[in-house]
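**Q** Pasting in a structure now, in C-alpha cells, and then I'll have a few things to ask.
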Amino acid sequence: LEDLLIAATRDGKPLSVVYADLDHFKQVNDEFGHSAGDVVLQELAEILRGAVRYTGPDKDLVARMGGEEFCVALPITEEQAVARAHVIHRKIREHPFPEVGRRTASIGIRSWDPSLGAITVDEFLKQADEAMYHQKQNGRDGVTRYEDIA
C-alpha cells in the first residue's frame, strides 16, 4: 500500500481503499466451527481477488488485515471505488458460502488524490476503517464513504 501511495503521489493520481468486514463473523465460528470460518475467509478472499486487476501499471492490491477484515487498494477515483465497492458488496451478499450460506459485509471507502495533501498509510487505513465501522454501527450490510462521515 505504501508503494501505491508513493506512486499515486508521484504521478498525481488518485488512490482508494475499500475496507471490508464480514458481518457477524463470530457467529459463523461459534455456530459452524472455526474450520467453516476458515473456508468463509478463503472464499471471501477469492471474491475480492476476482474484483481486482493484477496486471498493468494500475494493478490493485488485496490484503487481509486481521480476523475477517480485508483491504482492497485501488488506484482509481472515488466514484470508481464506490462503484467497485458496491459490486464487491453485492458479490458477497449473493455468494452461497459452503456450510454457512449467505453472508453480508460492512464496507468503508477512503479515497485520496494529491490535491488533498499528504497522507500516511496509517492515516489512510484508519479512515477507511472508520468508514467501515460507521457502516457496522448503522445497520451493517452496506457501503459508507469516509467523506460522508468526516
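Lettering and numbering for the C-alpha cells are positional, with chains as A, B, ... in the shown order, residues counted from 1 in each chain, and ligands counted from 1 in the shown order.
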Name the residues of chain A that fall into strand (DSSP E or B) according to DSSP on the backbone, using the chain letters and numbers of this document, as a PyMOL selection string.
**A** chain A and resi 15-22+61-66+69-74+97+101+105-112+142-145
**Q** Might you pull out every residue within 12 Å of A:Leu44, with only C-alpha atoms counted and same-chain residues fewer than 5 positions away left off, and present them as a PyMOL selection string?
**A** chain A and resi 20-22+25+37-39+49-51+62-64+68-71+88-89+91-98+102-105
**Q** Return as JSON lines the residues of stretch 16-109 of chain A lying at most 6 Å from stretch 142-148 of chain A, together with the closest atom-to-atom pair for each and the distance in Å to one decimal, counting only C-alpha atoms, with rows in chain order and ascending residue number.
**A**
```
{"residue": "A:Ser106", "atom": "CA", "partner": "A:Gly142", "partner_atom": "CA", "distance": 5.2}
{"residue": "A:Ile107", "atom": "CA", "partner": "A:Val143", "partner_atom": "CA", "distance": 4.7}
{"residue": "A:Gly108", "atom": "CA", "partner": "A:Thr144", "partner_atom": "CA", "distance": 4.9}
{"residue": "A:Ile109", "atom": "CA", "partner": "A:Arg145", "partner_atom": "CA", "distance": 4.7}
```
**Q** Those residues with N, CA, C and O atoms, as a PDB file, in the first residue's frame please?
**A**
```
ATOM      1  N   SER A 106     -19.874  -5.252   5.857  1.00  0.00           N
ATOM      2  CA  SER A 106     -19.842  -3.801   6.017  1.00  0.00           C
ATOM      3  C   SER A 106     -18.573  -3.313   5.344  1.00  0.00           C
ATOM      4  O   SER A 106     -17.492  -3.868   5.567  1.00  0.00           O
ATOM      5  N   ILE A 107     -18.718  -2.290   4.525  1.00  0.00           N
ATOM      6  CA  ILE A 107     -17.596  -1.814   3.720  1.00  0.00           C
ATOM      7  C   ILE A 107     -17.425  -0.315   3.908  1.00  0.00           C
ATOM      8  O   ILE A 107     -18.392   0.452   3.863  1.00  0.00           O
ATOM      9  N   GLY A 108     -16.175   0.092   4.121  1.00  0.00           N
ATOM     10  CA  GLY A 108     -15.817   1.504   4.198  1.00  0.00           C
ATOM     11  C   GLY A 108     -14.891   1.862   3.056  1.00  0.00           C
ATOM     12  O   GLY A 108     -14.078   1.039   2.627  1.00  0.00           O
ATOM     13  N   ILE A 109     -15.019   3.096   2.575  1.00  0.00           N
ATOM     14  CA  ILE A 109     -14.185   3.568   1.460  1.00  0.00           C
ATOM     15  C   ILE A 109     -13.507   4.865   1.864  1.00  0.00           C
ATOM     16  O   ILE A 109     -14.147   5.777   2.393  1.00  0.00           O
TER      17      ILE A 109
END
```
**Q** Got a sec to tell me which of stretch 53-95 of chain A DSSP assigns to helix (DSSP H, G or I), as a list in words?
**A**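 For stretch 53-95 of chain A, the helix (DSSP H, G or I) set is Glu78, Glu79, Gln80, Ala81, Val82, Ala83, Arg84, Ala85, His86, Val87, Ile88, His89, Arg90, Lys91, Ile92, Arg93 and Glu94 of chain A.
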**Q** In Å, with one decimal, what is the gap from atom CA of A:Val72 to atom CA of A:Val100?
**A**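 Computing it gives 24.1 Å between the two atoms.
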**Q** A:Ala131, A:Ala118, A:Ile76, A:Ile149: which is nearest A:Pro14, counting only C-alpha atoms?
**A**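 Among the listed residues, A:Ile76 lies closest to A:Pro14.
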**Q** Compare A:Glu130, A:Ile47, A:Asp113, A:Asp141 by their minimum atom-to-atom distance to A:Ile6, counting only C-alpha atoms, and give me the closest one.
**A**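 Among the listed residues, the smallest separation from A:Ile6 belongs to A:Asp113.
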**Q** Please indicate the distance in Å from atom CA of A:Gly33 to atom CA of A:Asn138, rounded to one decimal place.
**A**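 So the answer is 27.6 Å.
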**Q** Find, counting only C-alpha atoms, the residue in A:Leu41, A:Val121, A:Val82, A:Ala7 that gets nearest to A:Gly66.
**A**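 Once distances to A:Gly66 are computed over only C-alpha atoms, the minimum belongs to A:Leu41.
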**Q** Taking only C-alpha atoms into account, which of A:Leu15, A:Val40, A:Leu116, A:Ala83 comes nearest A:Gly67?
**A**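 Of all the options, A:Val40 lies closest to A:Gly67.
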**Q** May I ask which of the residues A:Asp23, A:Glu46, A:Glu78, A:Glu123 is the closest one to A:Lys136, counting only C-alpha atoms?
**A**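 Of the candidates, the smallest distance to A:Lys136 is held by A:Asp23.
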**Q** Ranking A:His86, A:Asn29, A:Pro75, A:Gly117 by minimum distance to A:Leu5 and counting only C-alpha atoms, which one comes first?
**A** A:Pro75
**Q** If we count only C-alpha atoms and set the cut-off at 6 Å, which residues sit around A:Ser16, ignoring sequence neighbours fewer than 6 positions away in its own chain? Please answer as a VMD selection string.
**A** chain A and resid 73 to 74 110 to 111
**Q** May I have the selected residues written with N, CA and C atoms, as a compact mmCIF listing (two decimals), in the first residue's frame?
**A**
```
# COMPACT_ATOMS: atom_id res chain seq x y z
N ALA A 73 -6.84 -2.06 -2.12
CA ALA A 73 -6.30 -0.77 -2.55
C ALA A 73 -6.44 -0.68 -4.07
N LEU A 74 -7.02 0.42 -4.52
CA LEU A 74 -7.35 0.59 -5.93
C LEU A 74 -6.86 1.95 -6.41
N ARG A 110 -12.22 4.93 1.59
CA ARG A 110 -11.48 6.19 1.73
C ARG A 110 -10.76 6.43 0.43
N SER A 111 -11.04 7.54 -0.21
CA SER A 111 -10.38 7.90 -1.46
C SER A 111 -9.51 9.13 -1.23
```
**Q** What gap, in Å, lies between atom CA of A:His24 and atom CA of A:Gly139?
**A**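 Straight-line distance from atom CA of A:His24 to atom CA of A:Gly139 works out to 11.9 Å.
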